[in-house]
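S.K.: Questions regarding the structure given below will be posed in turn.
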Amino acid sequence: MPLDFVLRWLTGLLSLVLLGGSIYILHEWYEGELINRLWLILSWTAIVWSFLGFLPITLLLRRRGVDEPKMHRSSATQRILRPDGSEIQVEFYGSPDAPPLILTHGWGPNSTVWYYLKKQLANQYRLIVWDLPGLGKSTPPKNRDYSIEKYARDLEAVLGLAQNRPAILLGHSMGGMIILSFCRLFRENLKQRVAGLILLDTTYTNPLKTAIFNPILKRLQKPLIEPLLYIVIALSPLFWLMSALSYLNGMMYLTTELSGFTGHETRGQLDFSTRLGLLASPKILARGVIAMLNFNETQTLPNIELPVLVIAGQSDISTLKSANRRISMDIPNAEFFVLKPGGHMALMERNAEFAQAVQMFGALQQQR
């Protein structure tokens, strides 16, 4: 979501200033401009922290979990070539005869973010997991189209792998936004192809309107946020360096904690989520965020006639719980479930409860 990327790039800028400033102070001390030895100690401390600051943050502030997430991928894969030149990586888990469940991740990470759900539900569903083009192992579109509608059409292509069996569509964050656009674009035979929807920590409109401090963020969209995104596109290698520095000094862990978790995550969950944010090109991420700013499916919600489960993290600041409640109220046949405690990454922090909610919803659809 846009809030997370703004926080990460601001900490990246601070990280660059920290390293550059400490090197400048060190140079001045060796040149004799600064005499006090305290400047030498301060500069070297800042330099060491710039590259190793993540160690005390992860080792001292978070507990080790029993089952820490890993970037596991399936050997059962298929590639889908799209008209725009992008190529989608699709992975399969579970029996081909099981009910299909299609997982669409959010913007920034890739499909490995579903680590827990793949382990917990692969024995009950035919999990169809895909990387959004430009992320993970899916190649970016050659026409630079990162619109939500483009990804909704990609989802329709992925749905074709369900072998004409009604599938449940599950989307997290931007993945949920993609599903809402999909419902508008392919409304005609939706009931025949889709058994139900699960929307997790998502929104129905411009994400800046449904994040914390939304009045301020909306006012900053045109004068600050959008220009910053275009600067990121133009200076992508520099912002990649800034992100790497932010990861090494630990600042990126703090932004991941703030925007995604509530303090109940494990050390591995925090590190995994933070590292996922480093894998994608900043210019690709910026283009996707720009596309989100034009998103609005408010009018689509009342026209969705499928069974829908809307799940929200109690303390999500990237997409407020009120936005998810609004979705559940406007869709005629929707249920609302809250993960407590839980933030935007409740799919990890509360993975057992999340999997149970998905399982119960899926069981109800199979009975119908």
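Chains: A, B, ... in order of the structure tokens. Residues: from 1 per chain. Ligands: from 1, in order shown.
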Run DSSP on the backbone and give me the residues of segment 110-276 of chain A it puts in strand (DSSP E or B), as a ChimeraX atom specification.

M.R.: /A:126-130,167-172,194-200,205

S.K.: Take the selection from the previous step and output its residues with all heavy atoms, as a CSV table (one decimal), in the first residue's frame.

M.R.:
chain,number,residue,atom,x,y,z
A,126,ARG,N,-6.8,-27.3,-4.0
A,126,ARG,CA,-5.9,-27.2,-5.1
A,126,ARG,C,-5.5,-25.7,-5.1
A,126,ARG,O,-6.2,-24.8,-5.7
A,126,ARG,CB,-6.6,-27.6,-6.4
A,126,ARG,CG,-5.7,-27.4,-7.7
A,126,ARG,CD,-4.4,-28.2,-7.6
A,126,ARG,NE,-3.8,-28.3,-8.9
A,126,ARG,CZ,-2.6,-28.9,-9.1
A,126,ARG,NH1,-2.0,-29.5,-8.1
A,126,ARG,NH2,-2.1,-29.0,-10.3
A,127,LEU,N,-4.4,-25.4,-4.5
A,127,LEU,CA,-4.0,-24.0,-4.4
A,127,LEU,C,-3.3,-23.6,-5.7
A,127,LEU,O,-2.4,-24.2,-6.2
A,127,LEU,CB,-3.0,-23.8,-3.2
A,127,LEU,CG,-3.5,-24.1,-1.8
A,127,LEU,CD1,-2.4,-23.9,-0.8
A,127,LEU,CD2,-4.8,-23.3,-1.5
A,128,ILE,N,-3.8,-22.5,-6.3
A,128,ILE,CA,-3.2,-21.9,-7.5
A,128,ILE,C,-2.7,-20.5,-7.1
A,128,ILE,O,-3.4,-19.6,-6.8
A,128,ILE,CB,-4.3,-21.8,-8.6
A,128,ILE,CG1,-4.9,-23.1,-8.9
A,128,ILE,CG2,-3.7,-21.1,-9.9
A,128,ILE,CD1,-6.1,-23.1,-9.9
A,129,VAL,N,-1.3,-20.4,-7.1
A,129,VAL,CA,-0.7,-19.3,-6.6
A,129,VAL,C,0.1,-18.6,-7.7
A,129,VAL,O,0.9,-19.3,-8.4
A,129,VAL,CB,0.3,-19.7,-5.4
A,129,VAL,CG1,0.9,-18.5,-4.8
A,129,VAL,CG2,-0.4,-20.5,-4.4
A,130,TRP,N,0.0,-17.3,-7.8
A,130,TRP,CA,0.7,-16.6,-8.9
A,130,TRP,C,1.4,-15.3,-8.5
A,130,TRP,O,1.0,-14.7,-7.5
A,130,TRP,CB,-0.3,-16.3,-10.1
A,130,TRP,CG,-1.4,-15.3,-9.7
A,130,TRP,CD1,-2.4,-15.5,-8.8
A,130,TRP,CD2,-1.7,-14.1,-10.4
A,130,TRP,NE1,-3.3,-14.5,-8.8
A,130,TRP,CE2,-2.9,-13.6,-9.8
A,130,TRP,CE3,-1.1,-13.3,-11.4
A,130,TRP,CZ2,-3.5,-12.4,-10.1
A,130,TRP,CZ3,-1.7,-12.1,-11.8
A,130,TRP,CH2,-2.8,-11.7,-11.1
A,167,ALA,N,-13.9,-21.6,-8.5
A,167,ALA,CA,-12.8,-21.4,-7.6
A,167,ALA,C,-13.1,-20.3,-6.6
A,167,ALA,O,-13.9,-19.4,-6.9
A,167,ALA,CB,-11.5,-21.0,-8.4
A,168,ILE,N,-12.5,-20.4,-5.5
A,168,ILE,CA,-12.6,-19.3,-4.5
A,168,ILE,C,-11.4,-18.4,-4.8
A,168,ILE,O,-10.2,-18.9,-4.9
A,168,ILE,CB,-12.5,-19.8,-3.0
A,168,ILE,CG1,-13.8,-20.6,-2.7
A,168,ILE,CG2,-12.3,-18.7,-2.0
A,168,ILE,CD1,-13.8,-21.2,-1.3
A,169,LEU,N,-11.6,-17.1,-4.8
A,169,LEU,CA,-10.6,-16.1,-5.1
A,169,LEU,C,-10.2,-15.4,-3.8
A,169,LEU,O,-11.1,-14.8,-3.1
A,169,LEU,CB,-11.0,-15.1,-6.1
A,169,LEU,CG,-11.5,-15.6,-7.5
A,169,LEU,CD1,-11.9,-14.4,-8.4
A,169,LEU,CD2,-10.5,-16.5,-8.1
A,170,LEU,N,-8.9,-15.5,-3.4
A,170,LEU,CA,-8.5,-14.8,-2.2
A,170,LEU,C,-7.4,-13.8,-2.5
A,170,LEU,O,-6.5,-14.1,-3.2
A,170,LEU,CB,-7.9,-15.9,-1.2
A,170,LEU,CG,-7.6,-15.5,0.2
A,170,LEU,CD1,-7.4,-16.7,1.1
A,170,LEU,CD2,-6.4,-14.6,0.4
A,171,GLY,N,-7.6,-12.6,-2.0
A,171,GLY,CA,-6.7,-11.5,-2.3
A,171,GLY,C,-6.3,-10.7,-1.1
A,171,GLY,O,-7.2,-10.4,-0.3
A,172,HIS,N,-5.1,-10.4,-1.0
A,172,HIS,CA,-4.6,-9.6,0.2
A,172,HIS,C,-4.2,-8.2,-0.3
A,172,HIS,O,-3.5,-8.1,-1.3
A,172,HIS,CB,-3.4,-10.3,0.8
A,172,HIS,CG,-2.7,-9.5,1.9
A,172,HIS,ND1,-1.4,-9.1,1.8
A,172,HIS,CD2,-3.1,-8.9,3.0
A,172,HIS,CE1,-1.0,-8.4,2.8
A,172,HIS,NE2,-2.1,-8.2,3.6
A,194,VAL,N,-16.8,-18.6,-10.3
A,194,VAL,CA,-16.2,-18.3,-9.0
A,194,VAL,C,-17.2,-18.7,-7.9
A,194,VAL,O,-18.4,-18.4,-8.0
A,194,VAL,CB,-16.0,-16.8,-8.9
A,194,VAL,CG1,-15.4,-16.4,-7.5
A,194,VAL,CG2,-15.0,-16.3,-10.0
A,195,ALA,N,-16.7,-19.5,-6.9
A,195,ALA,CA,-17.6,-19.9,-5.8
A,195,ALA,C,-17.7,-18.9,-4.7
A,195,ALA,O,-18.7,-18.9,-4.0
A,195,ALA,CB,-17.0,-21.3,-5.3
A,196,GLY,N,-16.7,-18.1,-4.6
A,196,GLY,CA,-16.7,-17.1,-3.5
A,196,GLY,C,-15.5,-16.3,-3.5
A,196,GLY,O,-14.5,-16.6,-4.2
A,197,LEU,N,-15.5,-15.2,-2.7
A,197,LEU,CA,-14.4,-14.3,-2.6
A,197,LEU,C,-13.9,-14.1,-1.1
A,197,LEU,O,-14.8,-14.1,-0.2
A,197,LEU,CB,-14.7,-12.9,-3.1
A,197,LEU,CG,-15.4,-12.8,-4.5
A,197,LEU,CD1,-15.8,-11.3,-4.8
A,197,LEU,CD2,-14.5,-13.4,-5.6
A,198,ILE,N,-12.6,-14.0,-0.9
A,198,ILE,CA,-12.1,-13.7,0.4
A,198,ILE,C,-11.2,-12.5,0.2
A,198,ILE,O,-10.2,-12.5,-0.5
A,198,ILE,CB,-11.3,-14.9,1.0
A,198,ILE,CG1,-12.2,-16.1,1.1
A,198,ILE,CG2,-10.7,-14.5,2.4
A,198,ILE,CD1,-11.4,-17.3,1.6
A,199,LEU,N,-11.5,-11.4,0.9
A,199,LEU,CA,-10.8,-10.1,0.7
A,199,LEU,C,-10.1,-9.8,2.1
A,199,LEU,O,-10.8,-9.7,3.1
A,199,LEU,CB,-11.7,-9.0,0.3
A,199,LEU,CG,-12.6,-9.3,-0.9
A,199,LEU,CD1,-13.6,-8.2,-1.1
A,199,LEU,CD2,-11.7,-9.4,-2.1
A,200,LEU,N,-8.8,-9.7,2.1
A,200,LEU,CA,-8.0,-9.5,3.3
A,200,LEU,C,-7.3,-8.2,3.3
A,200,LEU,O,-6.5,-7.9,2.4
A,200,LEU,CB,-7.0,-10.7,3.4
A,200,LEU,CG,-6.0,-10.6,4.5
A,200,LEU,CD1,-6.6,-10.6,5.9
A,200,LEU,CD2,-4.9,-11.7,4.4
A,205,THR,N,-11.2,1.8,-2.7
A,205,THR,CA,-10.9,3.1,-3.4
A,205,THR,C,-9.5,3.4,-3.2
A,205,THR,O,-8.7,2.6,-2.8
A,205,THR,CB,-11.8,4.2,-2.8
A,205,THR,OG1,-11.7,5.4,-3.5
A,205,THR,CG2,-11.5,4.5,-1.3

S.K.: If we count only C-alpha atoms, what is near segment 300-302 of chain A at a cut-off of 9 Å, once residues fewer than 5 positions away on the same chain are taken out, given as a PyMOL selection string?

M.R.: chain A and resi 180-181+183-184+204+327-332

S.K.: Write the residues of the selection above to a file with all heavy atoms, as a CSV table (one decimal), in the first residue's frame.

M.R.:
chain,number,residue,atom,x,y,z
A,180,LEU,N,-11.8,-7.1,-6.9
A,180,LEU,CA,-12.9,-6.2,-7.0
A,180,LEU,C,-13.1,-5.7,-8.5
A,180,LEU,O,-14.2,-5.7,-9.1
A,180,LEU,CB,-12.9,-5.0,-6.1
A,180,LEU,CG,-13.0,-5.3,-4.6
A,180,LEU,CD1,-12.9,-4.1,-3.8
A,180,LEU,CD2,-14.3,-6.0,-4.3
A,181,SER,N,-11.9,-5.3,-9.1
A,181,SER,CA,-12.0,-4.9,-10.5
A,181,SER,C,-12.3,-6.1,-11.4
A,181,SER,O,-13.0,-6.0,-12.4
A,181,SER,CB,-10.6,-4.4,-10.9
A,181,SER,OG,-10.4,-3.1,-10.3
A,183,CYS,N,-14.3,-8.5,-10.6
A,183,CYS,CA,-15.8,-8.7,-10.5
A,183,CYS,C,-16.5,-7.8,-11.4
A,183,CYS,O,-17.6,-8.1,-12.0
A,183,CYS,CB,-16.2,-8.5,-9.1
A,183,CYS,SG,-15.7,-9.8,-8.0
A,184,ARG,N,-16.0,-6.6,-11.6
A,184,ARG,CA,-16.7,-5.6,-12.6
A,184,ARG,C,-16.4,-6.0,-14.0
A,184,ARG,O,-17.4,-6.0,-14.8
A,184,ARG,CB,-16.2,-4.2,-12.3
A,184,ARG,CG,-16.6,-3.2,-13.3
A,184,ARG,CD,-16.2,-1.8,-12.9
A,184,ARG,NE,-14.8,-1.7,-12.7
A,184,ARG,CZ,-13.9,-1.4,-13.7
A,184,ARG,NH1,-14.3,-1.4,-15.0
A,184,ARG,NH2,-12.6,-1.3,-13.4
A,204,TYR,N,-11.6,-0.3,-1.2
A,204,TYR,CA,-12.5,-0.2,-2.4
A,204,TYR,C,-12.2,1.0,-3.2
A,204,TYR,O,-12.8,1.3,-4.2
A,204,TYR,CB,-13.9,-0.2,-1.9
A,204,TYR,CG,-14.2,0.9,-0.9
A,204,TYR,CD1,-14.6,2.2,-1.3
A,204,TYR,CD2,-14.0,0.7,0.5
A,204,TYR,CE1,-14.8,3.2,-0.4
A,204,TYR,CE2,-14.1,1.7,1.4
A,204,TYR,CZ,-14.5,2.9,1.0
A,204,TYR,OH,-14.7,3.9,1.9
A,327,ILE,N,-16.7,-2.4,2.9
A,327,ILE,CA,-16.8,-3.4,1.9
A,327,ILE,C,-17.8,-4.4,2.2
A,327,ILE,O,-18.7,-4.8,1.4
A,327,ILE,CB,-15.5,-4.0,1.6
A,327,ILE,CG1,-14.5,-3.0,1.0
A,327,ILE,CG2,-15.6,-5.2,0.6
A,327,ILE,CD1,-13.1,-3.5,0.8
A,328,SER,N,-17.8,-4.9,3.5
A,328,SER,CA,-18.7,-6.0,3.9
A,328,SER,C,-20.1,-5.5,4.0
A,328,SER,O,-21.1,-6.3,3.8
A,328,SER,CB,-18.2,-6.6,5.2
A,328,SER,OG,-18.4,-5.6,6.3
A,329,MET,N,-20.3,-4.2,4.3
A,329,MET,CA,-21.7,-3.7,4.4
A,329,MET,C,-22.3,-3.4,3.0
A,329,MET,O,-23.5,-3.6,2.8
A,329,MET,CB,-21.6,-2.4,5.2
A,329,MET,CG,-21.3,-2.6,6.6
A,329,MET,SD,-21.1,-1.0,7.5
A,329,MET,CE,-22.8,-0.4,7.4
A,330,ASP,N,-21.5,-3.1,2.0
A,330,ASP,CA,-22.0,-2.7,0.7
A,330,ASP,C,-22.2,-3.9,-0.2
A,330,ASP,O,-23.0,-3.9,-1.1
A,330,ASP,CB,-21.0,-1.7,0.0
A,330,ASP,CG,-21.1,-0.3,0.6
A,330,ASP,OD1,-21.9,-0.2,1.6
A,330,ASP,OD2,-20.5,0.6,0.1
A,331,ILE,N,-21.5,-5.0,0.1
A,331,ILE,CA,-21.7,-6.3,-0.7
A,331,ILE,C,-22.8,-7.0,-0.1
A,331,ILE,O,-22.8,-7.3,1.1
A,331,ILE,CB,-20.4,-7.1,-0.7
A,331,ILE,CG1,-19.3,-6.4,-1.4
A,331,ILE,CG2,-20.7,-8.5,-1.4
A,331,ILE,CD1,-17.9,-7.1,-1.4
A,332,PRO,N,-23.9,-7.4,-0.8
A,332,PRO,CA,-25.1,-8.0,-0.3
A,332,PRO,C,-24.9,-9.2,0.6
A,332,PRO,O,-25.5,-9.4,1.6
A,332,PRO,CB,-25.9,-8.3,-1.5
A,332,PRO,CG,-25.4,-7.3,-2.5
A,332,PRO,CD,-24.0,-7.2,-2.3

S.K.: Using Å and a single decimal, report how far atom CA of Asp97 of chain A sits from atom CA of Gln163 of chain A.

M.R.: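 Spanning atom CA of Gln163 of chain A to atom CA of Asp97 of chain A is a straight-line distance of 10.0 Å.
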
S.K.: Pick out the closest residue to Thr255 of chain A from this set: A:Gln356, A:Gln78, A:Thr11, A:Ser173. Count only C-alpha atoms.

M.R.: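 With only C-alpha atoms as the atom set, the closest residue is A:Thr11.
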
S.K.: Determine, counting only C-alpha atoms, which protein, DNA and RNA residues have an atom within 10 Å of an atom of Gly85 of chain A; residues of the same chain fewer than 4 positions away are not included. Present the result as number ranges by chain.

M.R.: A: 81, 133, 139-144

S.K.: Can I get the selected residues back with all heavy atoms, as a PDB file, in the first residue's frame?

M.R.:
ATOM      1  N   LEU A  81       1.791 -16.589 -20.955  1.00  0.00           N
ATOM      2  CA  LEU A  81       2.244 -15.429 -21.718  1.00  0.00           C
ATOM      3  C   LEU A  81       1.052 -14.524 -21.998  1.00  0.00           C
ATOM      4  O   LEU A  81       0.034 -14.968 -22.527  1.00  0.00           O
ATOM      5  CB  LEU A  81       2.891 -15.861 -23.033  1.00  0.00           C
ATOM      6  CG  LEU A  81       3.452 -14.741 -23.918  1.00  0.00           C
ATOM      7  CD1 LEU A  81       4.567 -13.997 -23.190  1.00  0.00           C
ATOM      8  CD2 LEU A  81       3.960 -15.316 -25.234  1.00  0.00           C
ATOM      9  N   PRO A 133       2.723  -9.782 -12.369  1.00  0.00           N
ATOM     10  CA  PRO A 133       3.768  -9.393 -13.326  1.00  0.00           C
ATOM     11  C   PRO A 133       4.595  -8.204 -12.820  1.00  0.00           C
ATOM     12  O   PRO A 133       4.052  -7.193 -12.397  1.00  0.00           O
ATOM     13  CB  PRO A 133       2.957  -9.028 -14.574  1.00  0.00           C
ATOM     14  CG  PRO A 133       1.763  -9.924 -14.493  1.00  0.00           C
ATOM     15  CD  PRO A 133       1.418  -9.978 -13.026  1.00  0.00           C
ATOM     16  N   THR A 139       7.461 -11.835 -15.231  1.00  0.00           N
ATOM     17  CA  THR A 139       8.145 -10.733 -15.902  1.00  0.00           C
ATOM     18  C   THR A 139       7.211  -9.530 -16.048  1.00  0.00           C
ATOM     19  O   THR A 139       5.990  -9.691 -16.133  1.00  0.00           O
ATOM     20  CB  THR A 139       8.645 -11.162 -17.287  1.00  0.00           C
ATOM     21  OG1 THR A 139       7.516 -11.553 -18.087  1.00  0.00           O
ATOM     22  CG2 THR A 139       9.607 -12.336 -17.169  1.00  0.00           C
ATOM     23  N   PRO A 140       7.755  -8.312 -16.087  1.00  0.00           N
ATOM     24  CA  PRO A 140       6.914  -7.108 -16.174  1.00  0.00           C
ATOM     25  C   PRO A 140       6.312  -6.919 -17.554  1.00  0.00           C
ATOM     26  O   PRO A 140       6.835  -7.439 -18.544  1.00  0.00           O
ATOM     27  CB  PRO A 140       7.899  -5.975 -15.844  1.00  0.00           C
ATOM     28  CG  PRO A 140       9.235  -6.516 -16.223  1.00  0.00           C
ATOM     29  CD  PRO A 140       9.182  -7.991 -15.943  1.00  0.00           C
ATOM     30  N   PRO A 141       5.204  -6.187 -17.644  1.00  0.00           N
ATOM     31  CA  PRO A 141       4.605  -5.899 -18.953  1.00  0.00           C
ATOM     32  C   PRO A 141       5.507  -4.975 -19.770  1.00  0.00           C
ATOM     33  O   PRO A 141       6.071  -4.014 -19.236  1.00  0.00           O
ATOM     34  CB  PRO A 141       3.281  -5.209 -18.594  1.00  0.00           C
ATOM     35  CG  PRO A 141       3.503  -4.655 -17.218  1.00  0.00           C
ATOM     36  CD  PRO A 141       4.424  -5.607 -16.531  1.00  0.00           C
ATOM     37  N   LYS A 142       5.630  -5.244 -21.045  1.00  0.00           N
ATOM     38  CA  LYS A 142       6.498  -4.438 -21.898  1.00  0.00           C
ATOM     39  C   LYS A 142       5.915  -3.057 -22.186  1.00  0.00           C
ATOM     40  O   LYS A 142       6.643  -2.132 -22.526  1.00  0.00           O
ATOM     41  CB  LYS A 142       6.763  -5.177 -23.208  1.00  0.00           C
ATOM     42  CG  LYS A 142       7.580  -6.453 -23.024  1.00  0.00           C
ATOM     43  CD  LYS A 142       7.862  -7.147 -24.342  1.00  0.00           C
ATOM     44  CE  LYS A 142       8.697  -8.413 -24.130  1.00  0.00           C
ATOM     45  NZ  LYS A 142       8.979  -9.115 -25.402  1.00  0.00           N
ATOM     46  N   ASN A 143       4.601  -2.917 -22.044  1.00  0.00           N
ATOM     47  CA  ASN A 143       3.966  -1.617 -22.288  1.00  0.00           C
ATOM     48  C   ASN A 143       3.865  -0.772 -21.013  1.00  0.00           C
ATOM     49  O   ASN A 143       3.201   0.267 -21.000  1.00  0.00           O
ATOM     50  CB  ASN A 143       2.575  -1.804 -22.894  1.00  0.00           C
ATOM     51  CG  ASN A 143       1.642  -2.585 -21.974  1.00  0.00           C
ATOM     52  OD1 ASN A 143       2.027  -3.014 -20.885  1.00  0.00           O
ATOM     53  ND2 ASN A 143       0.410  -2.776 -22.415  1.00  0.00           N
ATOM     54  N   ARG A 144       4.473  -1.252 -19.928  1.00  0.00           N
ATOM     55  CA  ARG A 144       4.501  -0.534 -18.646  1.00  0.00           C
ATOM     56  C   ARG A 144       3.103  -0.293 -18.081  1.00  0.00           C
ATOM     57  O   ARG A 144       2.861   0.693 -17.386  1.00  0.00           O
ATOM     58  CB  ARG A 144       5.245   0.795 -18.778  1.00  0.00           C
ATOM     59  CG  ARG A 144       6.708   0.646 -19.167  1.00  0.00           C
ATOM     60  CD  ARG A 144       7.382   1.985 -19.290  1.00  0.00           C
ATOM     61  NE  ARG A 144       8.783   1.840 -19.673  1.00  0.00           N
ATOM     62  CZ  ARG A 144       9.607   2.875 -19.883  1.00  0.00           C
ATOM     63  NH1 ARG A 144       9.169   4.109 -19.753  1.00  0.00           N
ATOM     64  NH2 ARG A 144      10.857   2.657 -20.230  1.00  0.00           N
TER      65      ARG A 144
END

S.K.: From the list A:Gly160, A:Gly288, A:Pro215, A:Pro109, which residue is nearest Ile178 of chain A when using only C-alpha atoms?

M.R.: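 The closest residue to Ile178 of chain A is A:Gly288.
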
S.K.: Do you know which residues are at most 6 Å from Gly343 of chain A counting only C-alpha atoms, after dropping those on the same chain fewer than 6 positions away, and could you put them as a count of residues only?

M.R.: 6

S.K.: Can you tell me which residues surround segment 272-286 of chain A at a distance of at most 10 Å, considering only C-alpha atoms, apart from same-chain residues fewer than 4 positions away, and format the answer as a PyMOL selection string?

M.R.: chain A and resi 1-2+4-6+8-9+68-71+107-110+112-113+133-136+140+144+146+226+228-241+243-244+246-247+250+252-257+260-261+266-268+290-292+345+348

S.K.: When you draw a straight line from atom CA of Arg193 of chain A to atom CA of Gly362 of chain A, how long is it in Å?

M.R.: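 Atom CA of Gly362 of chain A lies at a distance of 15.1 Å from atom CA of Arg193 of chain A.
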
S.K.: How would you write, as JSON, numbers by chain, the set of residues in segment 153-282 of chain A that DSSP gives as alpha helix (DSSP H)?

M.R.: {"A": [153, 154, 155, 156, 157, 158, 159, 174, 175, 176, 177, 178, 179, 180, 181, 182, 183, 184, 185, 190, 191, 192, 193, 214, 215, 216, 217, 218, 219, 220, 226, 227, 228, 229, 230, 231, 232, 233, 234, 236, 237, 238, 239, 240, 241, 242, 243, 244, 245, 246, 247, 248, 249, 251, 252, 253, 254, 255, 256, 257, 258, 259, 260, 267, 268, 269, 270, 271, 272, 273, 274, 275, 276, 282]}
